[in-house]
$ cat query15.cif   # mmCIF, C-alpha atoms
data_upload
#
loop_
_atom_site.label_atom_id
_atom_site.label_comp_id
_atom_site.auth_asym_id
_atom_site.auth_seq_id
_atom_site.Cartn_x
_atom_site.Cartn_y
_atom_site.Cartn_z
CA MET A 1 -166.41 163.25 -102.13
CA LYS A 2 -166.88 165.83 -104.83
CA LEU A 3 -170.26 167.17 -105.80
CA ASN A 4 -170.56 168.57 -109.27
CA VAL A 5 -173.54 170.02 -111.06
CA HIS A 6 -174.24 166.70 -112.73
CA SER A 7 -174.37 164.92 -109.36
CA LEU A 8 -176.61 167.61 -107.87
CA ARG A 9 -179.01 167.25 -110.76
CA ILE A 10 -179.45 163.61 -109.81
CA LEU A 11 -179.19 163.85 -106.04
CA LEU A 12 -181.49 166.81 -105.39
CA PRO A 13 -184.61 165.25 -106.96
CA LEU A 14 -183.71 161.96 -105.24
CA PHE A 15 -183.47 163.71 -101.85
CA LEU A 16 -186.74 165.56 -102.36
CA THR A 17 -188.56 162.42 -103.50
CA SER A 18 -187.33 160.32 -100.58
CA LEU A 19 -188.09 163.18 -98.17
CA LEU A 20 -191.64 163.29 -99.49
CA ILE A 21 -192.02 159.52 -99.11
CA PHE A 22 -190.54 159.42 -95.59
CA GLU A 23 -192.59 162.40 -94.37
CA ALA A 24 -195.76 160.92 -95.84
CA ALA A 25 -195.00 157.68 -93.99
CA ALA A 26 -194.41 159.68 -90.77
CA TYR A 27 -197.73 161.51 -91.23
CA VAL A 28 -199.61 158.24 -91.78
CA THR A 29 -197.95 156.71 -88.69
CA LEU A 30 -198.82 159.68 -86.48
CA THR A 31 -202.37 160.25 -87.70
CA PRO A 32 -204.87 158.02 -85.91
CA ARG A 33 -206.95 155.97 -88.31
CA PRO A 34 -210.66 156.78 -88.19
CA HIS A 35 -212.68 153.87 -86.89
CA GLN A 36 -216.26 153.29 -85.89
CA THR A 37 -216.88 154.14 -82.26
CA PHE A 38 -219.45 152.25 -80.24
CA LEU A 39 -220.38 150.75 -76.91
CA GLN A 40 -221.48 147.18 -76.60
CA GLU A 41 -223.73 145.80 -73.89
CA TYR A 42 -224.24 142.11 -73.26
CA ALA A 43 -225.69 139.64 -70.78
CA LEU A 44 -224.30 136.22 -69.98
CA GLY A 45 -225.67 133.31 -68.02
CA ALA A 46 -224.57 131.89 -64.67
CA GLY A 47 -221.51 130.21 -66.18
CA GLY A 48 -220.32 133.38 -67.88
CA LEU A 49 -221.46 132.07 -71.25
CA ALA A 50 -224.33 132.91 -73.56
CA SER A 51 -226.32 130.00 -72.08
CA ASP A 52 -227.83 128.82 -68.76
CA TYR A 53 -229.62 132.08 -68.12
CA TYR A 54 -232.23 130.45 -65.90
CA PRO A 55 -232.11 127.74 -63.25
CA ASN A 56 -233.12 124.39 -64.79
CA ASN A 57 -233.36 126.19 -68.15
CA SER A 58 -236.82 127.42 -67.25
CA THR A 59 -237.92 131.05 -67.29
CA PHE A 60 -240.37 130.23 -64.49
CA ILE A 61 -238.73 131.54 -61.34
CA GLN A 62 -239.88 130.54 -57.91
CA GLN A 63 -239.96 132.86 -54.94
CA GLU A 64 -236.55 132.95 -53.19
CA GLU A 65 -234.88 131.21 -56.12
CA PHE A 66 -231.53 132.75 -57.09
CA VAL A 67 -230.84 133.72 -60.67
CA LYS A 68 -227.33 134.74 -61.71
CA TRP A 69 -226.40 136.73 -64.79
CA TYR A 70 -223.35 138.70 -65.85
CA ILE A 71 -223.85 142.10 -67.43
CA GLY A 72 -221.02 143.55 -69.48
CA VAL A 73 -220.16 146.74 -71.31
CA SER A 74 -217.35 147.05 -73.82
CA ASN A 75 -215.98 150.51 -74.60
CA GLN A 76 -214.81 151.11 -78.18
CA MET A 77 -215.50 154.84 -78.14
CA GLY A 78 -211.86 155.88 -78.40
CA SER A 79 -212.04 157.67 -75.04
CA LEU A 80 -212.83 157.19 -71.38
CA GLN A 81 -216.54 156.68 -70.74
CA PHE A 82 -218.61 157.09 -67.60
CA VAL A 83 -221.41 154.58 -68.04
CA ASP A 84 -224.55 153.91 -66.09
CA ILE A 85 -226.57 150.72 -66.45
CA GLN A 86 -230.12 151.47 -65.41
CA VAL A 87 -232.02 148.35 -64.44
CA LYS A 88 -235.78 148.61 -64.83
CA LEU A 89 -238.53 146.11 -64.19
CA GLY A 90 -241.10 145.82 -66.94
CA ASN A 91 -243.97 143.60 -67.93
CA GLN A 92 -245.42 142.58 -71.29
CA THR A 93 -247.25 145.84 -71.90
CA ILE A 94 -244.84 148.47 -70.65
CA ALA A 95 -242.82 150.05 -73.48
CA ALA A 96 -239.21 149.12 -74.08
CA PRO A 97 -236.65 151.84 -74.97
CA ASN A 98 -237.38 153.24 -78.41
CA ASP A 99 -234.47 152.88 -80.83
CA THR A 100 -235.93 155.49 -83.21
CA THR A 101 -237.18 158.19 -80.86
CA LEU A 102 -234.45 157.39 -78.29
CA ILE A 103 -236.94 157.51 -75.46
CA PRO A 104 -236.01 155.37 -72.46
CA SER A 105 -238.43 152.83 -71.11
CA PRO A 106 -241.03 154.25 -68.70
CA ALA A 107 -240.64 151.11 -66.55
CA PRO A 108 -239.70 151.86 -62.94
CA LEU A 109 -236.01 152.07 -62.16
CA ILE A 110 -234.81 149.58 -59.56
CA VAL A 111 -231.07 150.01 -59.42
CA GLU A 112 -228.18 151.67 -61.28
CA PHE A 113 -224.63 150.44 -61.79
CA LYS A 114 -222.09 153.14 -62.62
CA ARG A 115 -218.51 152.77 -63.76
CA PHE A 116 -215.70 154.60 -65.53
CA ILE A 117 -214.44 152.43 -68.40
CA GLN A 118 -211.23 153.09 -70.31
CA ASN A 119 -211.08 152.81 -74.07
CA ASN A 120 -210.83 149.19 -75.28
CA GLU A 121 -211.82 148.01 -71.82
CA THR A 122 -214.66 145.69 -70.88
CA TRP A 123 -216.53 145.87 -67.59
CA THR A 124 -218.45 142.85 -66.41
CA PHE A 125 -220.35 142.59 -63.14
CA PRO A 126 -222.52 139.87 -61.62
CA PHE A 127 -226.25 140.44 -61.37
CA VAL A 128 -227.63 138.02 -58.82
CA TRP A 129 -231.28 138.41 -58.02
CA ARG A 130 -234.29 136.71 -56.47
CA ILE A 131 -237.90 137.52 -55.85
CA LEU A 132 -238.45 137.88 -52.14
CA ASN A 133 -242.14 138.57 -52.25
CA PHE A 134 -245.00 139.06 -54.67
CA THR A 135 -248.68 139.74 -54.13
CA THR A 136 -251.91 139.21 -55.95
CA THR A 137 -254.21 142.21 -55.82
CA ALA A 138 -257.94 142.13 -55.28
CA THR A 139 -258.47 142.25 -59.03
CA GLY A 140 -256.25 139.20 -59.43
CA ARG A 141 -253.24 141.01 -60.77
CA THR A 142 -249.74 139.89 -59.77
CA ARG A 143 -247.09 142.33 -58.61
CA ILE A 144 -243.55 141.86 -57.35
CA VAL A 145 -243.18 143.82 -54.13
CA GLN A 146 -239.74 142.84 -52.88
CA MET A 147 -236.60 141.79 -54.69
CA GLN A 148 -233.02 141.20 -53.80
CA ILE A 149 -230.28 142.23 -56.23
CA ASN A 150 -226.63 141.64 -55.37
CA ASN A 151 -227.49 141.17 -51.69
CA VAL A 152 -229.43 144.44 -51.49
CA THR A 153 -233.16 144.30 -50.85
CA TYR A 154 -235.43 146.58 -52.86
CA LEU A 155 -239.02 147.38 -51.99
CA LEU A 156 -240.88 147.95 -55.24
CA GLN A 157 -243.73 150.38 -54.82
CA ASN A 158 -244.63 151.17 -58.41
CA SER A 159 -243.70 147.89 -60.02
CA PRO A 160 -245.77 146.79 -63.01
CA THR A 161 -248.48 144.19 -62.64
CA CYS A 162 -249.57 141.20 -64.69
CA ALA A 163 -253.08 139.96 -65.36
CA SER A 164 -252.52 136.65 -63.60
CA LEU A 165 -249.73 134.33 -62.58
CA SER A 166 -250.33 132.00 -65.51
CA SER A 167 -250.04 134.82 -68.04
CA CYS A 168 -247.30 136.78 -66.34
CA GLY A 169 -244.28 137.87 -68.23
CA PHE A 170 -241.89 140.15 -66.44
CA ARG A 171 -238.61 141.43 -67.78
CA PHE A 172 -235.53 143.19 -66.63
CA ILE A 173 -234.55 146.03 -68.95
CA PHE A 174 -230.89 147.03 -68.86
CA GLU A 175 -230.47 150.47 -70.41
CA LEU A 176 -227.02 151.81 -71.20
CA TRP A 177 -226.60 155.48 -70.32
CA THR A 178 -223.40 157.52 -70.73
CA TRP A 179 -222.14 160.75 -69.25
CA ASN A 180 -222.57 163.77 -71.52
CA ILE A 181 -219.89 166.33 -70.71
CA ASP A 182 -221.72 169.17 -72.46
CA LEU A 183 -224.92 168.57 -70.54
CA ALA A 184 -223.12 167.46 -67.35
CA GLN A 185 -225.57 164.60 -66.90
CA PHE A 186 -226.27 161.07 -68.04
CA GLN A 187 -227.99 160.55 -71.39
CA ILE A 188 -229.42 157.36 -72.82
CA GLY A 189 -226.99 155.78 -75.26
CA TRP A 190 -224.14 157.77 -76.73
CA TRP A 191 -223.29 160.19 -79.52
CA ASN A 192 -221.47 158.90 -82.59
CA GLU A 193 -220.67 161.22 -85.50
CA GLY A 194 -223.55 163.55 -84.73
CA THR A 195 -226.15 160.86 -84.16
CA GLN A 196 -227.35 159.41 -80.90
CA GLN A 197 -227.39 155.64 -80.58
CA ILE A 198 -228.75 153.50 -77.81
CA ALA A 199 -228.10 149.99 -76.49
CA TRP A 200 -230.34 148.03 -74.17
CA LEU A 201 -231.06 144.46 -73.20
CA GLN A 202 -234.06 142.67 -71.83
CA LEU A 203 -234.33 139.34 -70.09
CA TRP A 204 -237.75 137.84 -69.53
CA PHE A 205 -238.95 135.74 -66.63
CA ASP A 206 -242.17 134.38 -65.21
CA ILE A 207 -243.17 133.83 -61.62
CA THR A 208 -244.32 130.43 -60.55
CA PRO A 209 -245.73 129.65 -57.14
CA GLY A 210 -243.46 127.33 -55.28
CA ALA A 211 -241.20 127.09 -52.32
CA PRO A 212 -241.31 128.78 -49.86
CA MET B 1 -221.68 176.48 -18.24
CA LYS B 2 -224.45 174.15 -19.41
CA SER B 3 -225.91 176.79 -21.72
CA TYR B 4 -222.43 177.41 -23.10
CA GLU B 5 -222.08 173.71 -23.94
CA THR B 6 -225.53 173.64 -25.53
CA CYS B 7 -224.64 176.64 -27.67
CA LEU B 8 -221.40 175.02 -28.69
CA LEU B 9 -223.19 171.79 -29.61
CA ILE B 10 -225.82 173.62 -31.66
CA THR B 11 -223.11 175.61 -33.45
CA LEU B 12 -221.22 172.40 -34.19
CA VAL B 13 -224.34 170.69 -35.57
CA VAL B 14 -225.12 173.73 -37.74
CA ILE B 15 -221.55 173.86 -39.08
CA VAL B 16 -221.52 170.12 -39.84
CA SER B 17 -224.89 170.29 -41.61
CA ILE B 18 -223.85 173.37 -43.64
CA LEU B 19 -220.55 171.71 -44.51
CA ALA B 20 -222.29 168.48 -45.46
CA HIS B 21 -224.79 170.34 -47.64
CA SER B 22 -222.21 172.55 -49.37
CA VAL B 23 -219.90 169.63 -50.10
CA GLN B 24 -222.82 167.56 -51.34
CA VAL B 25 -223.66 170.29 -53.85
CA THR B 26 -220.18 170.16 -55.33
CA ALA B 27 -219.26 166.50 -55.11
CA GLN B 28 -222.18 164.25 -56.03
CA SER B 29 -222.67 162.52 -59.37
CA GLY B 30 -223.86 165.07 -61.85
CA SER B 31 -222.00 167.86 -60.09
CA PRO B 32 -219.95 170.47 -61.95
CA GLN B 33 -216.83 169.32 -60.08
CA LEU B 34 -217.14 165.76 -61.33
CA ASN B 35 -217.78 167.05 -64.84
CA ILE B 36 -214.62 169.18 -64.71
CA VAL B 37 -212.59 166.18 -63.51
CA ILE B 38 -213.95 163.99 -66.33
CA LYS B 39 -213.14 166.75 -68.84
CA ASP B 40 -209.57 167.02 -67.55
CA VAL B 41 -209.03 163.26 -67.63
CA ARG B 42 -210.34 163.17 -71.22
CA LYS B 43 -207.98 166.05 -72.12
CA ALA B 44 -205.07 164.05 -70.70
CA GLU B 45 -206.20 161.04 -72.73
CA HIS B 46 -206.52 163.17 -75.86
CA ALA B 47 -203.05 164.64 -75.24
CA GLY B 48 -201.64 161.12 -75.53
CA ALA B 49 -201.59 159.75 -72.00
CA ARG B 50 -200.91 156.02 -71.96
CA PRO B 51 -203.62 153.57 -70.81
CA GLN B 52 -201.41 152.52 -67.86
CA GLU B 53 -201.15 156.14 -66.75
CA LEU B 54 -204.88 156.67 -67.05
CA GLU B 55 -205.66 153.46 -65.20
CA GLN B 56 -204.69 155.01 -61.86
CA LEU B 57 -207.03 157.96 -62.42
CA VAL B 58 -209.86 155.69 -63.55
CA ASN B 59 -209.44 153.51 -60.46
CA GLN B 60 -209.68 156.58 -58.26
CA LEU B 61 -212.79 157.79 -60.11
CA ASN B 62 -214.39 154.37 -59.62
CA SER B 63 -213.58 154.58 -55.93
CA VAL B 64 -215.51 157.87 -55.88
CA ILE B 65 -218.54 156.01 -57.28
CA GLU B 66 -218.25 153.46 -54.47
CA LEU B 67 -218.06 156.25 -51.91
CA GLU B 68 -221.15 157.85 -53.45
CA ASP B 69 -222.98 154.53 -53.17
CA GLN B 70 -222.06 154.39 -49.51
CA LEU B 71 -223.23 157.97 -49.14
CA ASN B 72 -226.59 157.21 -50.72
CA ASN B 73 -227.14 154.31 -48.34
CA LEU B 74 -226.62 156.44 -45.25
CA THR B 75 -229.56 157.40 -43.09
CA SER B 76 -230.30 161.01 -42.28
CA GLN B 77 -229.03 160.44 -38.74
CA GLU B 78 -225.51 159.59 -39.91
CA SER B 79 -224.55 163.18 -40.64
CA PHE B 80 -221.01 162.84 -39.33
CA LYS B 81 -220.30 159.84 -41.56
CA ARG B 82 -221.92 161.75 -44.43
CA ALA B 83 -219.62 164.73 -43.94
CA GLN B 84 -216.64 162.38 -43.70
CA LEU B 85 -217.54 160.65 -46.96
CA LEU B 86 -218.18 163.93 -48.75
CA THR B 87 -214.80 165.24 -47.65
CA GLU B 88 -213.19 162.04 -48.92
CA ILE B 89 -215.03 162.30 -52.25
CA ASN B 90 -214.01 165.93 -52.66
CA SER B 91 -210.37 165.31 -51.81
CA THR B 92 -210.23 162.31 -54.19
CA LEU B 93 -211.76 164.35 -57.01
CA MET B 94 -209.35 167.22 -56.38
CA GLY B 95 -206.44 164.78 -56.38
CA VAL B 96 -207.59 163.16 -59.63
CA ASP B 97 -208.03 166.57 -61.24
CA ALA B 98 -204.54 167.70 -60.23
CA GLU B 99 -203.03 164.44 -61.52
CA ALA B 100 -205.02 164.70 -64.76
CA ILE B 101 -203.75 168.25 -65.40
CA GLN B 102 -200.18 167.15 -64.66
CA LEU B 103 -200.59 164.10 -66.90
CA GLN B 104 -202.01 166.26 -69.67
CA THR B 105 -198.91 168.49 -69.61
CA THR B 106 -196.53 165.52 -69.55
CA ALA B 107 -198.42 163.65 -72.27
CA SER B 108 -198.69 166.64 -74.60
CA GLU B 109 -194.95 167.37 -74.24
CA ARG B 110 -194.17 163.71 -74.90
CA THR B 111 -196.48 163.63 -77.92
CA TYR B 112 -194.92 166.84 -79.28
CA VAL B 113 -191.38 165.47 -78.92
CA SER B 114 -192.44 162.16 -80.44
CA HIS B 115 -193.94 163.98 -83.47
CA ILE B 116 -190.81 166.07 -83.94
CA VAL B 117 -188.59 162.98 -83.71
CA THR B 118 -190.76 161.08 -86.20
CA TYR B 119 -190.72 163.91 -88.76
CA LEU B 120 -186.98 164.49 -88.21
CA SER B 121 -186.32 160.79 -88.77
CA GLY B 122 -187.96 161.28 -92.18
CA VAL B 123 -185.40 164.00 -93.01
CA VAL B 124 -182.54 161.81 -91.71
CA GLY B 125 -183.85 158.88 -93.76
CA ALA B 126 -183.99 161.01 -96.93
CA ILE B 127 -180.42 162.26 -96.34
CA ALA B 128 -179.23 158.68 -95.74
CA VAL B 129 -180.85 157.45 -98.95
CA THR B 130 -179.24 160.32 -100.91
CA ILE B 131 -175.77 159.71 -99.44
CA ILE B 132 -175.99 155.94 -100.04
CA PHE B 133 -177.09 156.57 -103.60
CA HIS B 134 -174.30 159.11 -104.11
CA PHE B 135 -171.64 156.71 -102.80
CA SER B 136 -173.00 153.87 -104.86
CA LEU B 137 -172.71 156.12 -107.93
CA LEU B 138 -169.11 156.97 -107.00
CA MET B 139 -168.27 153.32 -106.44
CA ARG B 140 -169.80 152.38 -109.75
CA GLU B 141 -167.81 155.13 -111.46
CA LYS B 142 -164.57 153.96 -109.79
CA HIS B 143 -165.29 150.38 -110.72
CA ARG B 144 -165.93 151.41 -114.31
CA ILE B 145 -162.61 153.34 -114.51
CA LYS B 146 -160.76 150.45 -112.87
CA ARG B 147 -162.22 148.00 -115.38
CA ALA B 148 -161.29 150.35 -118.24
CA LEU B 149 -157.67 150.62 -117.05
CA HIS B 150 -157.34 146.86 -116.61
CA SER B 151 -158.84 146.03 -119.95
CA LYS B 152 -156.60 144.63 -122.68
CA ILE B 153 -156.77 145.33 -126.36
CA VAL B 154 -156.78 142.01 -128.08
CA PRO B 155 -155.97 142.08 -131.80
CA THR B 156 -158.35 140.01 -133.87
#
$ encode --input "query15.cif" --output "structure tokens"
Amino acid sequence: MKLNVHSLRILLPLFLTSLLIFEAAAYVTLTPRPHQTFLQEYALGAGGLASDYYPNNSTFIQQEEFVKWYIGVSNQMGSLQFVDIQVKLGNQTIAAPNDTTLIPSPAPLIVEFKRFIQNNETWTFPFVWRILNFTTTATGRTRIVQMQINNVTYLLQNSPTCASLSSCGFRFIFELWTWNIDLAQFQIGWWNEGTQQIAWLQLWFDITPGAP
Amino acid sequence: MKSYETCLLITLVVIVSILAHSVQVTAQSGSPQLNIVIKDVRKAEHAGARPQELEQLVNQLNSVIELEDQLNNLTSQESFKRAQLLTEINSTLMGVDAEAIQLQTTASERTYVSHIVTYLSGVVGAIAVTIIFHFSLLMREKHRIKRALHSKIVPT
């Protein structure tokens, strides 16, 4: 193989051009593509589908009647996330989390579910609950005083009230909180490209007098 | 002898309660220790640790949450169990942190080598293309000479 000046004049630009192309391809391969980061929160019914949320398809729940939901969180943040689902009990008048001001709901917190979730991972857990006891106050207002969630009994001291049984609308509010490393504490929602975003769910139910 | 035993018991109770309190300060959710561990696991992830490698650490961190739940359900009388759980939480967190730091080193070295190999393969590819092109030029030249030598001059 003999390289002369004529050959070099052809081969050198060819080498440089192919080097540029190959290195550009290597750079593209190694550089992670920017993509939208987010967390997704969802609730499914007893069968694990977006249906059959209530027994007999009625939002009217009797005392001691079991209701089963599945709550899920999907992590597409591009990194490990420490999430906290805060479950609150609200009524028709109590404020829901504010998507604009990012203020969490002032409804009383009943229980929290915490979990570390890897990127591209989904965490689903059952949420089985029943009303163990409710009272009607002297002014005729209804209040849930005892609930069972995932086999743990909760005594609700500051739970919201409703005007009457017939007009009662209670709701579970599931707020998604994430761990903020800079603040070393949980924050509502998450940060995405300099803006804070929040995700929350609510599932309504009514109380109906019945067995037992 | 009885007073000696009483003193010993009191000292033991004081030590256990101090230990329980001090460990609680460093190990519970929202503690600086947990934050440091999360930071280190994220660093390992950022350095290029594989999901399978991280899974072990994540499982251990989730076991810490379960232990914390157990801790929160304990009554004030169960101080021994409390101290036991706190010790377990602390040792798990320390273990996760050590593994995360180790994983970070391994992953960053692996990522560095992988980058070097990828960029070097670009150079090798460019050299290969040039050599193939050069040989194809030589072959074409040879073929052209061969054809010229074998050609006949046909009088018209």
$ atom_distance --input "query15.cif" --atom1 "CA of Glu68 in chain B" --atom2 "CA of Leu39 in chain A"
24.5 Å
$ closest_residue --input "query15.cif" --among "B:Ala49, B:Ile127, B:Leu137, B:Leu149" --to "Thr17 in chain A" --atoms "all atoms listed in the file"
B:Ile127
$ resolve_selection --input "query15.cif" --expression "the PyMOL selection byres ((chain B) within 10 of (chain A))" --output "number ranges by chain"
B: 29-36, 38-39, 41-43, 45-46, 51, 54-55, 57-66, 69, 111, 114-115, 117-131, 133-135, 137-138
$ write_last_selection --input "query15.cif" --atoms "C-alpha atoms" --output "tab-separated table (two decimals), in the frame of the given file"
chain	number	residue	atom	x	y	z
B	29	SER	CA	-222.67	162.52	-59.37
B	30	GLY	CA	-223.86	165.07	-61.85
B	31	SER	CA	-222.00	167.86	-60.09
B	32	PRO	CA	-219.95	170.47	-61.95
B	33	GLN	CA	-216.83	169.32	-60.08
B	34	LEU	CA	-217.14	165.76	-61.33
B	35	ASN	CA	-217.78	167.05	-64.84
B	36	ILE	CA	-214.62	169.18	-64.71
B	38	ILE	CA	-213.95	163.99	-66.33
B	39	LYS	CA	-213.14	166.75	-68.84
B	41	VAL	CA	-209.03	163.26	-67.63
B	42	ARG	CA	-210.34	163.17	-71.22
B	43	LYS	CA	-207.98	166.05	-72.12
B	45	GLU	CA	-206.20	161.04	-72.73
B	46	HIS	CA	-206.52	163.17	-75.86
B	51	PRO	CA	-203.62	153.57	-70.81
B	54	LEU	CA	-204.88	156.67	-67.05
B	55	GLU	CA	-205.66	153.46	-65.20
B	57	LEU	CA	-207.03	157.96	-62.42
B	58	VAL	CA	-209.86	155.69	-63.55
B	59	ASN	CA	-209.44	153.51	-60.46
B	60	GLN	CA	-209.68	156.58	-58.26
B	61	LEU	CA	-212.79	157.79	-60.11
B	62	ASN	CA	-214.39	154.37	-59.62
B	63	SER	CA	-213.58	154.58	-55.93
B	64	VAL	CA	-215.51	157.87	-55.88
B	65	ILE	CA	-218.54	156.01	-57.28
B	66	GLU	CA	-218.25	153.46	-54.47
B	69	ASP	CA	-222.98	154.53	-53.17
B	111	THR	CA	-196.48	163.63	-77.92
B	114	SER	CA	-192.44	162.16	-80.44
B	115	HIS	CA	-193.94	163.98	-83.47
B	117	VAL	CA	-188.59	162.98	-83.71
B	118	THR	CA	-190.76	161.08	-86.20
B	119	TYR	CA	-190.72	163.91	-88.76
B	120	LEU	CA	-186.98	164.49	-88.21
B	121	SER	CA	-186.32	160.79	-88.77
B	122	GLY	CA	-187.96	161.28	-92.18
B	123	VAL	CA	-185.40	164.00	-93.01
B	124	VAL	CA	-182.54	161.81	-91.71
B	125	GLY	CA	-183.85	158.88	-93.76
B	126	ALA	CA	-183.99	161.01	-96.93
B	127	ILE	CA	-180.42	162.26	-96.34
B	128	ALA	CA	-179.23	158.68	-95.74
B	129	VAL	CA	-180.85	157.45	-98.95
B	130	THR	CA	-179.24	160.32	-100.91
B	131	ILE	CA	-175.77	159.71	-99.44
B	133	PHE	CA	-177.09	156.57	-103.60
B	134	HIS	CA	-174.30	159.11	-104.11
B	135	PHE	CA	-171.64	156.71	-102.80
B	137	LEU	CA	-172.71	156.12	-107.93
B	138	LEU	CA	-169.11	156.97	-107.00
$ residues_around --input "query15.cif" --residues "Lys68 in chain A" --least-positions-apart "6" --cutoff "9 Å" --atoms "only C-alpha atoms" --output "list in words"
Leu44, Gly45, Ala46, Gly47, Tyr53, Tyr54, Pro55, Pro126, Phe127, Val128, Trp129 and Arg130 of chain A
$ atom_distance --input "query15.cif" --atom1 "CA of Gln36 in chain A" --atom2 "CA of Arg110 in chain B"
26.8 Å
$ closest_residue --input "query15.cif" --among "A:Gln187, A:Thr124, A:Thr137, A:Ser105" --to "Ala163 in chain A" --atoms "all atoms listed in the file"
A:Thr137
$ resolve_selection --input "query15.cif" --expression "the PyMOL selection byres ((chain A and resi 88) around 12)" --output "PyMOL selection string"
chain A and resi 85-87+89-91+94-97+104-113+156+158-160+170-176+200-204
$ atom_distance --input "query15.cif" --atom1 "CA of Thr161 in chain A" --atom2 "CA of Trp69 in chain A"
23.4 Å
$ residues_near_point --input "query15.cif" --point "(-236.7, 131.8, -54.8)" --cutoff "7 Å" --atoms "all atoms listed in the file" --output "PyMOL selection string"
chain A and resi 61-66+130-132+211
$ write_last_selection --input "query15.cif" --atoms "C-alpha atoms" --output "CSV table (one decimal), in the coordinates of the input"
chain,number,residue,atom,x,y,z
A,61,ILE,CA,-238.7,131.5,-61.3
A,62,GLN,CA,-239.9,130.5,-57.9
A,63,GLN,CA,-240.0,132.9,-54.9
A,64,GLU,CA,-236.6,133.0,-53.2
A,65,GLU,CA,-234.9,131.2,-56.1
A,66,PHE,CA,-231.5,132.8,-57.1
A,130,ARG,CA,-234.3,136.7,-56.5
A,131,ILE,CA,-237.9,137.5,-55.8
A,132,LEU,CA,-238.4,137.9,-52.1
A,211,ALA,CA,-241.2,127.1,-52.3
$ closest_residue --input "query15.cif" --among "A:Thr100, A:Ser51, A:Asn57, A:Ser164" --to "Thr208 in chain A" --atoms "only C-alpha atoms"
A:Ser164
$ resolve_selection --input "query15.cif" --expression "the PyMOL selection byres ((chain B and resi 95) around 12)" --output "PyMOL selection string"
chain B and resi 33-34+37+40-41+56-57+60-61+64+88-94+96-102
$ decode --input "query15.cif" --residues "range 27-74 of chain A" --atoms "C-alpha atoms" --output "PDB file, in the first residue's frame"
ATOM      1  CA  TYR A  27     -22.443  12.138  21.261  1.00  0.00           C
ATOM      2  CA  VAL A  28     -26.121  11.720  20.371  1.00  0.00           C
ATOM      3  CA  THR A  29     -26.093   8.146  21.712  1.00  0.00           C
ATOM      4  CA  LEU A  30     -24.482   9.158  25.005  1.00  0.00           C
ATOM      5  CA  THR A  31     -26.481  12.314  25.641  1.00  0.00           C
ATOM      6  CA  PRO A  32     -29.804  11.589  27.342  1.00  0.00           C
ATOM      7  CA  ARG A  33     -32.738  12.997  25.433  1.00  0.00           C
ATOM      8  CA  PRO A  34     -34.665  15.660  27.338  1.00  0.00           C
ATOM      9  CA  HIS A  35     -38.160  14.522  28.188  1.00  0.00           C
ATOM     10  CA  GLN A  36     -41.009  15.824  30.271  1.00  0.00           C
ATOM     11  CA  THR A  37     -40.764  14.698  33.869  1.00  0.00           C
ATOM     12  CA  PHE A  38     -43.883  14.083  35.918  1.00  0.00           C
ATOM     13  CA  LEU A  39     -45.579  11.962  38.524  1.00  0.00           C
ATOM     14  CA  GLN A  40     -48.946  10.420  37.929  1.00  0.00           C
ATOM     15  CA  GLU A  41     -51.464   9.521  40.608  1.00  0.00           C
ATOM     16  CA  TYR A  42     -54.514   7.379  39.992  1.00  0.00           C
ATOM     17  CA  ALA A  43     -57.285   5.495  41.746  1.00  0.00           C
ATOM     18  CA  LEU A  44     -58.846   2.245  40.588  1.00  0.00           C
ATOM     19  CA  GLY A  45     -61.892   0.341  41.726  1.00  0.00           C
ATOM     20  CA  ALA A  46     -62.156  -2.976  43.556  1.00  0.00           C
ATOM     21  CA  GLY A  47     -61.326  -4.980  40.429  1.00  0.00           C
ATOM     22  CA  GLY A  48     -58.210  -2.957  39.683  1.00  0.00           C
ATOM     23  CA  LEU A  49     -59.977  -1.163  36.852  1.00  0.00           C
ATOM     24  CA  ALA A  50     -61.335   2.341  36.397  1.00  0.00           C
ATOM     25  CA  SER A  51     -64.798   1.074  37.382  1.00  0.00           C
ATOM     26  CA  ASP A  52     -66.661  -0.500  40.341  1.00  0.00           C
ATOM     27  CA  TYR A  53     -65.483   2.108  42.799  1.00  0.00           C
ATOM     28  CA  TYR A  54     -68.425   1.555  45.123  1.00  0.00           C
ATOM     29  CA  PRO A  55     -70.313  -1.528  46.303  1.00  0.00           C
ATOM     30  CA  ASN A  56     -73.471  -1.981  44.190  1.00  0.00           C
ATOM     31  CA  ASN A  57     -72.345   1.041  42.146  1.00  0.00           C
ATOM     32  CA  SER A  58     -73.786   3.363  44.759  1.00  0.00           C
ATOM     33  CA  THR A  59     -71.869   6.127  46.505  1.00  0.00           C
ATOM     34  CA  PHE A  60     -74.097   5.616  49.546  1.00  0.00           C
ATOM     35  CA  ILE A  61     -71.994   3.636  51.989  1.00  0.00           C
ATOM     36  CA  GLN A  62     -73.486   1.888  54.956  1.00  0.00           C
ATOM     37  CA  GLN A  63     -71.804   1.630  58.325  1.00  0.00           C
ATOM     38  CA  GLU A  64     -69.405  -1.363  58.429  1.00  0.00           C
ATOM     39  CA  GLU A  65     -69.581  -1.763  54.658  1.00  0.00           C
ATOM     40  CA  PHE A  66     -66.180  -2.400  53.051  1.00  0.00           C
ATOM     41  CA  VAL A  67     -65.031  -0.299  50.128  1.00  0.00           C
ATOM     42  CA  LYS A  68     -61.911  -1.280  48.202  1.00  0.00           C
ATOM     43  CA  TRP A  69     -59.849   0.972  45.973  1.00  0.00           C
ATOM     44  CA  TYR A  70     -56.344   0.823  44.571  1.00  0.00           C
ATOM     45  CA  ILE A  71     -54.205   3.931  44.701  1.00  0.00           C
ATOM     46  CA  GLY A  72     -51.240   4.161  42.360  1.00  0.00           C
ATOM     47  CA  VAL A  73     -48.328   6.461  41.649  1.00  0.00           C
ATOM     48  CA  SER A  74     -46.209   6.305  38.517  1.00  0.00           C
TER      49      SER A  74
END
